Every structure is written in C-alpha cells, then in structure tokens.
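Coordinates from query_23.cif are shown below (mmCIF, N, CA and C atoms).
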```cif
data_upload
#
loop_
_atom_site.label_atom_id
_atom_site.label_comp_id
_atom_site.auth_asym_id
_atom_site.auth_seq_id
_atom_site.Cartn_x
_atom_site.Cartn_y
_atom_site.Cartn_z
N MET A 1 -19.96 -0.50 25.82
CA MET A 1 -20.04 0.52 24.79
C MET A 1 -21.15 0.15 23.81
N GLU A 2 -21.98 1.13 23.54
CA GLU A 2 -23.02 0.97 22.53
C GLU A 2 -22.36 1.06 21.15
N ILE A 3 -22.74 0.18 20.24
CA ILE A 3 -22.16 0.23 18.90
C ILE A 3 -22.85 1.33 18.10
N ARG A 4 -22.00 2.26 17.61
CA ARG A 4 -22.49 3.39 16.82
C ARG A 4 -21.35 3.86 15.93
N PRO A 5 -21.63 4.71 14.96
CA PRO A 5 -20.54 5.20 14.11
C PRO A 5 -19.45 5.88 14.94
N ILE A 6 -18.22 5.77 14.47
CA ILE A 6 -17.10 6.42 15.14
C ILE A 6 -16.92 7.78 14.48
N ARG A 7 -17.18 8.83 15.25
CA ARG A 7 -17.14 10.20 14.69
C ARG A 7 -16.04 11.07 15.30
N THR A 8 -15.60 10.70 16.48
CA THR A 8 -14.61 11.54 17.17
C THR A 8 -13.42 10.69 17.62
N GLU A 9 -12.36 11.38 18.01
CA GLU A 9 -11.18 10.69 18.54
C GLU A 9 -11.54 9.90 19.79
N ASN A 10 -12.44 10.46 20.62
CA ASN A 10 -12.87 9.77 21.83
C ASN A 10 -13.62 8.47 21.48
N ASP A 11 -14.52 8.54 20.49
CA ASP A 11 -15.23 7.33 20.03
C ASP A 11 -14.23 6.29 19.55
N TYR A 12 -13.23 6.74 18.82
CA TYR A 12 -12.20 5.86 18.27
C TYR A 12 -11.43 5.16 19.39
N GLN A 13 -11.02 5.93 20.40
CA GLN A 13 -10.26 5.36 21.52
C GLN A 13 -11.10 4.36 22.30
N GLU A 14 -12.38 4.67 22.49
CA GLU A 14 -13.29 3.74 23.18
C GLU A 14 -13.41 2.43 22.41
N ALA A 15 -13.56 2.53 21.12
CA ALA A 15 -13.69 1.34 20.28
C ALA A 15 -12.41 0.49 20.35
N LEU A 16 -11.25 1.14 20.33
CA LEU A 16 -9.99 0.41 20.44
C LEU A 16 -9.87 -0.32 21.78
N ARG A 17 -10.30 0.34 22.85
CA ARG A 17 -10.26 -0.31 24.17
C ARG A 17 -11.16 -1.54 24.20
N GLU A 18 -12.34 -1.41 23.62
CA GLU A 18 -13.25 -2.56 23.63
C GLU A 18 -12.74 -3.68 22.74
N ILE A 19 -12.14 -3.33 21.61
CA ILE A 19 -11.55 -4.35 20.73
C ILE A 19 -10.47 -5.13 21.48
N GLU A 20 -9.67 -4.41 22.25
CA GLU A 20 -8.63 -5.08 23.03
C GLU A 20 -9.22 -6.08 24.02
N LEU A 21 -10.33 -5.70 24.64
CA LEU A 21 -10.99 -6.61 25.59
C LEU A 21 -11.60 -7.84 24.88
N LEU A 22 -12.05 -7.64 23.66
CA LEU A 22 -12.72 -8.71 22.92
C LEU A 22 -11.78 -9.51 22.02
N PHE A 23 -10.53 -9.17 22.01
CA PHE A 23 -9.59 -9.71 21.03
C PHE A 23 -9.55 -11.25 21.00
N ASP A 24 -9.70 -11.90 22.12
CA ASP A 24 -9.63 -13.36 22.18
C ASP A 24 -11.01 -14.01 22.22
N ALA A 25 -12.02 -13.32 21.74
CA ALA A 25 -13.39 -13.87 21.75
C ALA A 25 -13.47 -15.13 20.91
N ALA A 26 -14.20 -16.10 21.41
CA ALA A 26 -14.39 -17.37 20.69
C ALA A 26 -15.27 -17.13 19.47
N GLU A 27 -14.99 -17.90 18.41
CA GLU A 27 -15.78 -17.75 17.19
C GLU A 27 -17.24 -18.12 17.43
N ASN A 28 -18.10 -17.54 16.60
CA ASN A 28 -19.55 -17.79 16.64
C ASN A 28 -20.18 -17.44 17.97
N THR A 29 -19.67 -16.36 18.57
CA THR A 29 -20.27 -15.86 19.80
C THR A 29 -20.69 -14.41 19.59
N THR A 30 -21.50 -13.91 20.48
CA THR A 30 -21.91 -12.51 20.43
C THR A 30 -20.70 -11.59 20.54
N GLU A 31 -19.75 -11.98 21.38
CA GLU A 31 -18.53 -11.18 21.56
C GLU A 31 -17.73 -11.12 20.26
N CYS A 32 -17.65 -12.24 19.55
CA CYS A 32 -16.92 -12.27 18.29
C CYS A 32 -17.61 -11.39 17.24
N ASP A 33 -18.94 -11.44 17.21
CA ASP A 33 -19.69 -10.58 16.29
C ASP A 33 -19.44 -9.12 16.61
N ARG A 34 -19.43 -8.79 17.88
CA ARG A 34 -19.18 -7.41 18.31
C ARG A 34 -17.76 -6.97 17.90
N LEU A 35 -16.81 -7.87 18.07
CA LEU A 35 -15.43 -7.60 17.67
C LEU A 35 -15.36 -7.31 16.17
N ASP A 36 -16.04 -8.11 15.36
CA ASP A 36 -16.04 -7.91 13.91
C ASP A 36 -16.62 -6.54 13.54
N ILE A 37 -17.72 -6.19 14.16
CA ILE A 37 -18.39 -4.92 13.86
C ILE A 37 -17.50 -3.74 14.27
N LEU A 38 -16.96 -3.80 15.48
CA LEU A 38 -16.10 -2.71 15.95
C LEU A 38 -14.85 -2.59 15.09
N SER A 39 -14.28 -3.71 14.69
CA SER A 39 -13.08 -3.69 13.83
C SER A 39 -13.39 -3.02 12.49
N THR A 40 -14.54 -3.30 11.95
CA THR A 40 -14.95 -2.69 10.68
C THR A 40 -15.13 -1.19 10.84
N LEU A 41 -15.74 -0.76 11.93
CA LEU A 41 -15.93 0.66 12.19
C LEU A 41 -14.58 1.37 12.38
N VAL A 42 -13.68 0.75 13.12
CA VAL A 42 -12.35 1.34 13.34
C VAL A 42 -11.59 1.44 12.02
N GLU A 43 -11.66 0.40 11.21
CA GLU A 43 -10.99 0.42 9.91
C GLU A 43 -11.49 1.56 9.03
N ALA A 44 -12.80 1.76 9.02
CA ALA A 44 -13.37 2.85 8.23
C ALA A 44 -12.91 4.21 8.76
N TYR A 45 -12.89 4.37 10.07
CA TYR A 45 -12.45 5.63 10.67
C TYR A 45 -10.98 5.89 10.33
N GLU A 46 -10.14 4.87 10.46
CA GLU A 46 -8.71 5.02 10.18
C GLU A 46 -8.45 5.34 8.71
N LYS A 47 -9.22 4.72 7.84
CA LYS A 47 -9.04 4.98 6.41
C LYS A 47 -9.30 6.44 6.08
N THR A 48 -10.27 7.04 6.76
CA THR A 48 -10.63 8.43 6.54
C THR A 48 -9.68 9.39 7.24
N HIS A 49 -9.31 9.09 8.48
CA HIS A 49 -8.55 10.02 9.29
C HIS A 49 -7.03 9.80 9.29
N PHE A 50 -6.60 8.62 8.91
CA PHE A 50 -5.17 8.31 8.89
C PHE A 50 -4.81 7.63 7.57
N PRO A 51 -5.05 8.30 6.44
CA PRO A 51 -4.79 7.65 5.16
C PRO A 51 -3.29 7.38 4.96
N ILE A 52 -3.01 6.28 4.31
CA ILE A 52 -1.64 5.92 4.01
C ILE A 52 -1.40 6.22 2.53
N GLU A 53 -0.46 7.12 2.28
CA GLU A 53 -0.16 7.49 0.90
C GLU A 53 0.60 6.37 0.22
N LEU A 54 0.36 6.22 -1.08
CA LEU A 54 1.08 5.24 -1.85
C LEU A 54 2.53 5.70 -2.04
N PRO A 55 3.46 4.76 -2.08
CA PRO A 55 4.86 5.15 -2.25
C PRO A 55 5.15 5.61 -3.68
N ASP A 56 6.23 6.32 -3.84
CA ASP A 56 6.73 6.73 -5.14
C ASP A 56 7.01 5.46 -5.96
N PRO A 57 6.64 5.43 -7.25
CA PRO A 57 6.83 4.22 -8.05
C PRO A 57 8.27 3.71 -8.10
N ILE A 58 9.24 4.58 -8.26
CA ILE A 58 10.63 4.14 -8.35
C ILE A 58 11.11 3.64 -6.98
N GLU A 59 10.71 4.32 -5.92
CA GLU A 59 11.05 3.83 -4.58
C GLU A 59 10.41 2.47 -4.34
N ALA A 60 9.20 2.26 -4.83
CA ALA A 60 8.53 0.97 -4.68
C ALA A 60 9.29 -0.13 -5.42
N ILE A 61 9.77 0.17 -6.62
CA ILE A 61 10.56 -0.82 -7.37
C ILE A 61 11.82 -1.17 -6.59
N HIS A 62 12.50 -0.16 -6.06
CA HIS A 62 13.70 -0.42 -5.24
C HIS A 62 13.35 -1.28 -4.03
N TYR A 63 12.24 -0.98 -3.39
CA TYR A 63 11.80 -1.76 -2.22
C TYR A 63 11.56 -3.22 -2.60
N TYR A 64 10.84 -3.45 -3.71
CA TYR A 64 10.58 -4.81 -4.16
C TYR A 64 11.88 -5.53 -4.49
N MET A 65 12.82 -4.81 -5.09
CA MET A 65 14.12 -5.43 -5.39
C MET A 65 14.83 -5.84 -4.10
N ASP A 66 14.88 -4.92 -3.13
CA ASP A 66 15.57 -5.20 -1.87
C ASP A 66 14.94 -6.35 -1.10
N THR A 67 13.62 -6.34 -0.97
CA THR A 67 12.96 -7.34 -0.15
C THR A 67 12.90 -8.72 -0.80
N ARG A 68 13.04 -8.77 -2.11
CA ARG A 68 12.99 -10.05 -2.82
C ARG A 68 14.35 -10.50 -3.34
N GLY A 69 15.38 -9.74 -3.01
CA GLY A 69 16.71 -10.10 -3.44
C GLY A 69 16.90 -10.05 -4.95
N LEU A 70 16.21 -9.11 -5.60
CA LEU A 70 16.30 -8.99 -7.06
C LEU A 70 17.43 -8.05 -7.45
N SER A 71 18.03 -8.33 -8.60
CA SER A 71 19.07 -7.46 -9.13
C SER A 71 18.49 -6.65 -10.28
N ARG A 72 19.27 -5.72 -10.77
CA ARG A 72 18.84 -4.93 -11.93
C ARG A 72 18.59 -5.84 -13.12
N ARG A 73 19.39 -6.88 -13.24
CA ARG A 73 19.24 -7.84 -14.33
C ARG A 73 17.85 -8.50 -14.29
N ASP A 74 17.33 -8.72 -13.09
CA ASP A 74 16.01 -9.33 -12.95
C ASP A 74 14.90 -8.43 -13.49
N LEU A 75 15.17 -7.14 -13.62
CA LEU A 75 14.17 -6.20 -14.13
C LEU A 75 14.18 -6.10 -15.66
N GLU A 76 15.21 -6.62 -16.28
CA GLU A 76 15.33 -6.50 -17.74
C GLU A 76 14.12 -7.05 -18.50
N PRO A 77 13.54 -8.20 -18.10
CA PRO A 77 12.36 -8.67 -18.84
C PRO A 77 11.17 -7.70 -18.76
N CYS A 78 11.14 -6.89 -17.73
CA CYS A 78 10.04 -5.93 -17.55
C CYS A 78 10.33 -4.57 -18.17
N LEU A 79 11.59 -4.14 -18.08
CA LEU A 79 11.93 -2.78 -18.48
C LEU A 79 12.72 -2.68 -19.78
N GLY A 80 13.38 -3.75 -20.16
CA GLY A 80 14.18 -3.72 -21.39
C GLY A 80 15.64 -3.97 -21.09
N SER A 81 16.50 -3.35 -21.85
CA SER A 81 17.94 -3.56 -21.74
C SER A 81 18.50 -3.11 -20.39
N ARG A 82 19.76 -3.47 -20.15
CA ARG A 82 20.41 -3.05 -18.92
C ARG A 82 20.46 -1.53 -18.84
N ALA A 83 20.71 -0.89 -19.98
CA ALA A 83 20.73 0.58 -20.02
C ALA A 83 19.36 1.16 -19.68
N ARG A 84 18.32 0.55 -20.20
CA ARG A 84 16.95 1.03 -19.93
C ARG A 84 16.62 0.89 -18.45
N VAL A 85 17.00 -0.23 -17.84
CA VAL A 85 16.77 -0.43 -16.41
C VAL A 85 17.46 0.68 -15.63
N SER A 86 18.69 0.96 -15.98
CA SER A 86 19.46 2.02 -15.31
C SER A 86 18.77 3.38 -15.47
N GLU A 87 18.30 3.67 -16.67
CA GLU A 87 17.63 4.95 -16.93
C GLU A 87 16.36 5.09 -16.09
N VAL A 88 15.58 4.01 -16.01
CA VAL A 88 14.34 4.07 -15.22
C VAL A 88 14.66 4.25 -13.75
N LEU A 89 15.57 3.44 -13.22
CA LEU A 89 15.88 3.50 -11.79
C LEU A 89 16.56 4.80 -11.39
N SER A 90 17.24 5.47 -12.34
CA SER A 90 17.86 6.76 -12.03
C SER A 90 16.95 7.92 -12.41
N ARG A 91 15.72 7.59 -12.80
CA ARG A 91 14.67 8.57 -13.12
C ARG A 91 14.97 9.38 -14.38
N LYS A 92 15.81 8.87 -15.25
CA LYS A 92 16.10 9.55 -16.51
C LYS A 92 15.11 9.14 -17.60
N ARG A 93 14.36 8.10 -17.35
CA ARG A 93 13.32 7.65 -18.27
C ARG A 93 12.11 7.26 -17.42
N THR A 94 10.93 7.69 -17.85
CA THR A 94 9.72 7.35 -17.10
C THR A 94 9.21 5.97 -17.51
N LEU A 95 8.44 5.38 -16.63
CA LEU A 95 7.84 4.09 -16.91
C LEU A 95 6.80 4.23 -18.02
N THR A 96 6.79 3.28 -18.93
CA THR A 96 5.76 3.26 -19.97
C THR A 96 4.63 2.35 -19.50
N LEU A 97 3.52 2.42 -20.18
CA LEU A 97 2.39 1.56 -19.84
C LEU A 97 2.78 0.08 -19.93
N GLU A 98 3.54 -0.27 -20.95
CA GLU A 98 3.97 -1.66 -21.12
C GLU A 98 4.88 -2.09 -19.97
N MET A 99 5.78 -1.22 -19.53
CA MET A 99 6.65 -1.53 -18.39
C MET A 99 5.82 -1.74 -17.13
N ILE A 100 4.84 -0.88 -16.94
CA ILE A 100 3.96 -0.98 -15.76
C ILE A 100 3.22 -2.31 -15.77
N ARG A 101 2.69 -2.68 -16.93
CA ARG A 101 1.99 -3.97 -17.04
C ARG A 101 2.90 -5.13 -16.67
N LYS A 102 4.11 -5.13 -17.21
CA LYS A 102 5.04 -6.23 -16.95
C LYS A 102 5.47 -6.27 -15.48
N LEU A 103 5.76 -5.11 -14.89
CA LEU A 103 6.13 -5.07 -13.47
C LEU A 103 5.00 -5.59 -12.60
N ASN A 104 3.79 -5.26 -12.98
CA ASN A 104 2.62 -5.72 -12.24
C ASN A 104 2.43 -7.23 -12.40
N GLN A 105 2.49 -7.72 -13.62
CA GLN A 105 2.23 -9.13 -13.88
C GLN A 105 3.37 -10.04 -13.43
N GLN A 106 4.60 -9.63 -13.66
CA GLN A 106 5.73 -10.51 -13.40
C GLN A 106 6.28 -10.38 -11.98
N LEU A 107 6.22 -9.18 -11.41
CA LEU A 107 6.77 -8.97 -10.07
C LEU A 107 5.70 -8.69 -9.02
N ASN A 108 4.45 -8.62 -9.47
CA ASN A 108 3.31 -8.36 -8.56
C ASN A 108 3.40 -7.03 -7.83
N ILE A 109 4.01 -6.04 -8.47
CA ILE A 109 4.00 -4.69 -7.90
C ILE A 109 2.64 -4.09 -8.26
N PRO A 110 1.87 -3.62 -7.28
CA PRO A 110 0.54 -3.10 -7.57
C PRO A 110 0.55 -1.99 -8.62
N ALA A 111 -0.30 -2.12 -9.61
CA ALA A 111 -0.39 -1.14 -10.69
C ALA A 111 -0.74 0.25 -10.15
N GLU A 112 -1.57 0.33 -9.11
CA GLU A 112 -1.95 1.64 -8.58
C GLU A 112 -0.75 2.41 -8.03
N ILE A 113 0.30 1.70 -7.64
CA ILE A 113 1.54 2.36 -7.22
C ILE A 113 2.31 2.85 -8.44
N LEU A 114 2.42 1.99 -9.44
CA LEU A 114 3.26 2.28 -10.60
C LEU A 114 2.70 3.37 -11.50
N ILE A 115 1.39 3.56 -11.53
CA ILE A 115 0.80 4.53 -12.46
C ILE A 115 0.81 5.96 -11.93
N GLN A 116 1.20 6.13 -10.68
CA GLN A 116 1.23 7.48 -10.11
C GLN A 116 2.26 8.37 -10.79
N PRO A 117 1.99 9.64 -10.87
CA PRO A 117 3.02 10.55 -11.37
C PRO A 117 4.17 10.60 -10.36
N TYR A 118 5.37 10.79 -10.87
CA TYR A 118 6.53 10.90 -9.98
C TYR A 118 7.57 11.80 -10.63
N ASP A 119 8.47 12.28 -9.79
CA ASP A 119 9.53 13.17 -10.27
C ASP A 119 10.51 12.38 -11.13
N SER A 120 10.84 12.92 -12.27
CA SER A 120 11.85 12.30 -13.14
C SER A 120 12.76 13.40 -13.65
N GLN A 121 13.89 12.97 -14.18
CA GLN A 121 14.85 13.91 -14.75
C GLN A 121 14.86 13.79 -16.26
N GLN A 122 13.78 13.21 -16.78
CA GLN A 122 13.69 12.97 -18.23
C GLN A 122 13.70 14.31 -18.97
N ILE A 123 14.48 14.35 -20.01
CA ILE A 123 14.56 15.55 -20.84
C ILE A 123 13.48 15.47 -21.88
N PRO A 124 12.60 16.46 -21.98
CA PRO A 124 11.51 16.41 -22.96
C PRO A 124 12.04 16.28 -24.39
N ALA A 125 11.31 15.50 -25.20
CA ALA A 125 11.72 15.29 -26.59
C ALA A 125 11.42 16.49 -27.45
#
```
If you convert what's in this file into structure tokens, what do you get?
Amino acid sequence: MEIRPIRTENDYQEALREIELLFDAAENTTECDRLDILSTLVEAYEKTHFPIELPDPIEAIHYYMDTRGLSRRDLEPCLGSRARVSEVLSRKRTLTLEMIRKLNQQLNIPAEILIQPYDSQQIPA
C-alpha cells in the first residue's frame, strides 16, 4: 500500500489491514516507521469520522466513584457538605467553577468533562 491520506472507508480498511501485518515490526526499521505513519493517519481519520462524545459530568463523577471505590463522603472536600454532595449527584444543584476545579485537582476528573452543560433539576433563583 502506498502511504497517502485516508479519505474513504476503503482507504481506512486498507490501512488497518497493513497495520495488522506490521504490528510486530522491530523498532528502528522501515516497517516500524511505516507502522507509525499509518497509525497516525488512521487515528486522524477515526477522530474525524468516529468521534467519541464526552460523558455527562454527573455520570462521569458516578463512574469515577464506582471505579475508584469512592463514597459520597469522599466527595465532600470537593463539593461541600453531605447535603451539597447529594444535591449535586441528584442534579438538584449544578457544579460551580470551584467544585469543578477541586474535582479536577483532587480526583483527576478531566475539566473538559466537568465544564460541559448538563441536564439539572435546579430551580432557578
């Protein structure tokens, strides 16, 4: 396969087949260089044609809690009182900028996930 931009589904499939053949290429070889280039082209094509949407911020917090074995109490330093944690997780209160900063810094939840708009049941003041 000639290395060229991936523009079609057929180009994409060809590149994937060649990557599979080159997958075990030894480092510092022409085959390894070809593998790197094709992988970069495939990644760019996938980013454009198969974008992955960011998760809902509250769902992401629940996910981080589940996968790290965190309790609601563990969120209190980031969100405030036990009542505040409950309000945020039940979508009755939206995340503030300060909460987002703390969740990002203390729990390493990506800020780009937390800053997204999301559905809440907050009653306007």
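Atom CA of Glu53 of chain A lies 29.0 Å from atom CA of Arg73 of chain A.
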- [ ] Just the alpha helix (DSSP H) stuff from chain A, please, per backbone DSSP, written as a PyMOL selection string.
- [x] chain A and resi 9-22+30-49+57-68+72-79+82-89+97-107+111-114
- [ ] Run through the PyMOL selection byres ((chain A and resi 113) around 8) on the given coordinates and return the selected residues as a list in words.
- [x] Leu54, Pro55, Asp56, Pro57, Ile58, Ala60, Ile109, Pro110, Ala111, Glu112, Leu114, Ile115, Gln116 and Pro117 of chain A
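Atom pair atom CA of Asp119 of chain A / atom N of Leu79 of chain A: separated by 19.1 Å.
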Determine, for each residue of segment 3-77 of chain A having at least one atom at most 8 Å from an atom of segment 82-104 of chain A, the closest pair of atoms and their separation in Å to one decimal, counting all atoms listed in the file; order by chain and ascending number, as CSV.
```
residue,atom,partner,partner_atom,distance
A:Ile58,CA,A:Leu89,CA,6.3
A:Glu59,N,A:Leu89,CA,7.9
A:His62,N,A:Leu89,CA,7.6
A:Arg72,C,A:Val85,CA,6.6
A:Arg73,CA,A:Arg82,CA,6.7
A:Leu75,C,A:Val85,CA,6.3
A:Glu76,CA,A:Arg82,N,5.9
A:Pro77,C,A:Lys102,CA,6.6
```
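With only the atoms specified (all atoms listed in the file) counting, those residues at most 6 Å away from (-16.8, 4.5, 14.6) are Arg4, Pro5, Ile6, Arg7, Asp11, Tyr12, Leu41, Val42 and Tyr45 of chain A.
Put simply, atom C of Leu107 of chain A is 9.0 Å away from atom N of Met65 of chain A.
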TODO: Excluding Ser39 of chain A and residues on its chain fewer than 5 positions from it, collect all residues at most 7 Å away from it, counting all atoms listed in the file, and give them as a ChimeraX atom specification.
DONE: /A:19,34,44
Once 8 Å is added on each side, what are the centre and the three edge lengths, in Å to one decimal, of the axis-aligned box enclosing the listed atoms of segment 31-45 of chain A? Present them as lines of an AutoDock Vina configuration file.
```
center_x = -15.4
center_y = -3.2
center_z = 14.9
size_x = 24.8
size_y = 34.2
size_z = 29.3
```
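Residues in contact with Glu31 of chain A at up to 12 Å, not including ones fewer than 6 positions away on its chain and judged by only C-alpha atoms, are A:Glu18, A:Ile19, A:Glu20, A:Leu21, A:Leu22, A:Phe23, A:Asp24, A:Ala25, A:Ile37, A:Leu38.
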For the selection you just gave me, I'd like the residues written to a file as a CSV table (one decimal), in the coordinates of the input, keeping N, CA and C atoms.
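Result saved to out19.csv:
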```csv
chain,number,residue,atom,x,y,z
A,18,GLU,N,-12.3,-1.4,23.6
A,18,GLU,CA,-13.2,-2.6,23.6
A,18,GLU,C,-12.7,-3.7,22.7
A,19,ILE,N,-12.1,-3.3,21.6
A,19,ILE,CA,-11.6,-4.4,20.7
A,19,ILE,C,-10.5,-5.1,21.5
A,20,GLU,N,-9.7,-4.4,22.2
A,20,GLU,CA,-8.6,-5.1,23.0
A,20,GLU,C,-9.2,-6.1,24.0
A,21,LEU,N,-10.3,-5.7,24.6
A,21,LEU,CA,-11.0,-6.6,25.6
A,21,LEU,C,-11.6,-7.8,24.9
A,22,LEU,N,-12.0,-7.6,23.7
A,22,LEU,CA,-12.7,-8.7,22.9
A,22,LEU,C,-11.8,-9.5,22.0
A,23,PHE,N,-10.5,-9.2,22.0
A,23,PHE,CA,-9.6,-9.7,21.0
A,23,PHE,C,-9.6,-11.2,21.0
A,24,ASP,N,-9.7,-11.9,22.1
A,24,ASP,CA,-9.6,-13.4,22.2
A,24,ASP,C,-11.0,-14.0,22.2
A,25,ALA,N,-12.0,-13.3,21.7
A,25,ALA,CA,-13.4,-13.9,21.8
A,25,ALA,C,-13.5,-15.1,20.9
A,37,ILE,N,-17.7,-6.2,14.2
A,37,ILE,CA,-18.4,-4.9,13.9
A,37,ILE,C,-17.5,-3.7,14.3
A,38,LEU,N,-17.0,-3.8,15.5
A,38,LEU,CA,-16.1,-2.7,16.0
A,38,LEU,C,-14.8,-2.6,15.1
```
Output file: segment 77-95 of chain A, N, CA, C and O atoms, as an mmCIF file, in the first residue's frame:
```cif
data_model
loop_
_atom_site.group_PDB
_atom_site.id
_atom_site.type_symbol
_atom_site.label_atom_id
_atom_site.label_comp_id
_atom_site.auth_asym_id
_atom_site.auth_seq_id
_atom_site.Cartn_x
_atom_site.Cartn_y
_atom_site.Cartn_z
ATOM 1 N N PRO A 77 -14.818 17.020 50.340
ATOM 2 C CA PRO A 77 -13.792 18.068 50.210
ATOM 3 C C PRO A 77 -13.892 18.843 48.886
ATOM 4 O O PRO A 77 -13.462 19.983 48.800
ATOM 5 N N CYS A 78 -14.473 18.239 47.886
ATOM 6 C CA CYS A 78 -14.607 18.886 46.577
ATOM 7 C C CYS A 78 -15.923 19.643 46.420
ATOM 8 O O CYS A 78 -15.962 20.694 45.778
ATOM 9 N N LEU A 79 -16.993 19.088 46.981
ATOM 10 C CA LEU A 79 -18.319 19.645 46.730
ATOM 11 C C LEU A 79 -18.927 20.367 47.923
ATOM 12 O O LEU A 79 -19.843 21.161 47.762
ATOM 13 N N GLY A 80 -18.470 20.065 49.115
ATOM 14 C CA GLY A 80 -19.023 20.707 50.304
ATOM 15 C C GLY A 80 -19.649 19.692 51.234
ATOM 16 O O GLY A 80 -19.203 18.554 51.325
ATOM 17 N N SER A 81 -20.696 20.079 51.905
ATOM 18 C CA SER A 81 -21.350 19.235 52.902
ATOM 19 C C SER A 81 -21.960 17.978 52.287
ATOM 20 O O SER A 81 -22.080 17.861 51.065
ATOM 21 N N ARG A 82 -22.386 17.073 53.164
ATOM 22 C CA ARG A 82 -23.034 15.854 52.706
ATOM 23 C C ARG A 82 -24.295 16.194 51.916
ATOM 24 O O ARG A 82 -24.588 15.584 50.878
ATOM 25 N N ALA A 83 -25.025 17.204 52.388
ATOM 26 C CA ALA A 83 -26.237 17.641 51.678
ATOM 27 C C ALA A 83 -25.895 18.179 50.293
ATOM 28 O O ALA A 83 -26.594 17.908 49.315
ATOM 29 N N ARG A 84 -24.820 18.941 50.204
ATOM 30 C CA ARG A 84 -24.406 19.512 48.912
ATOM 31 C C ARG A 84 -24.014 18.401 47.944
ATOM 32 O O ARG A 84 -24.360 18.443 46.765
ATOM 33 N N VAL A 85 -23.290 17.397 48.420
ATOM 34 C CA VAL A 85 -22.913 16.258 47.579
ATOM 35 C C VAL A 85 -24.175 15.595 47.040
ATOM 36 O O VAL A 85 -24.275 15.312 45.843
ATOM 37 N N SER A 86 -25.131 15.372 47.901
ATOM 38 C CA SER A 86 -26.395 14.752 47.500
ATOM 39 C C SER A 86 -27.113 15.597 46.444
ATOM 40 O O SER A 86 -27.621 15.065 45.455
ATOM 41 N N GLU A 87 -27.149 16.904 46.653
ATOM 42 C CA GLU A 87 -27.816 17.801 45.695
ATOM 43 C C GLU A 87 -27.148 17.755 44.323
ATOM 44 O O GLU A 87 -27.829 17.716 43.296
ATOM 45 N N VAL A 88 -25.816 17.757 44.316
ATOM 46 C CA VAL A 88 -25.093 17.717 43.035
ATOM 47 C C VAL A 88 -25.343 16.389 42.335
ATOM 48 O O VAL A 88 -25.675 16.352 41.143
ATOM 49 N N LEU A 89 -25.181 15.286 43.060
ATOM 50 C CA LEU A 89 -25.328 13.965 42.432
ATOM 51 C C LEU A 89 -26.761 13.672 41.998
ATOM 52 O O LEU A 89 -26.977 12.879 41.086
ATOM 53 N N SER A 90 -27.744 14.323 42.632
ATOM 54 C CA SER A 90 -29.135 14.133 42.217
ATOM 55 C C SER A 90 -29.576 15.223 41.236
ATOM 56 O O SER A 90 -30.753 15.331 40.903
ATOM 57 N N ARG A 91 -28.616 16.041 40.810
ATOM 58 C CA ARG A 91 -28.830 17.086 39.798
ATOM 59 C C ARG A 91 -29.732 18.221 40.284
ATOM 60 O O ARG A 91 -30.295 18.954 39.496
ATOM 61 N N LYS A 92 -29.853 18.389 41.582
ATOM 62 C CA LYS A 92 -30.644 19.486 42.121
ATOM 63 C C LYS A 92 -29.808 20.751 42.277
ATOM 64 O O LYS A 92 -30.348 21.828 42.506
ATOM 65 N N ARG A 93 -28.505 20.610 42.176
ATOM 66 C CA ARG A 93 -27.594 21.750 42.233
ATOM 67 C C ARG A 93 -26.524 21.518 41.162
ATOM 68 O O ARG A 93 -26.023 20.415 41.022
ATOM 69 N N THR A 94 -26.219 22.560 40.405
ATOM 70 C CA THR A 94 -25.196 22.420 39.359
ATOM 71 C C THR A 94 -23.806 22.613 39.955
ATOM 72 O O THR A 94 -23.637 23.227 41.011
ATOM 73 N N LEU A 95 -22.834 22.086 39.260
ATOM 74 C CA LEU A 95 -21.447 22.247 39.672
ATOM 75 C C LEU A 95 -21.026 23.707 39.538
ATOM 76 O O LEU A 95 -21.339 24.348 38.539
#
```
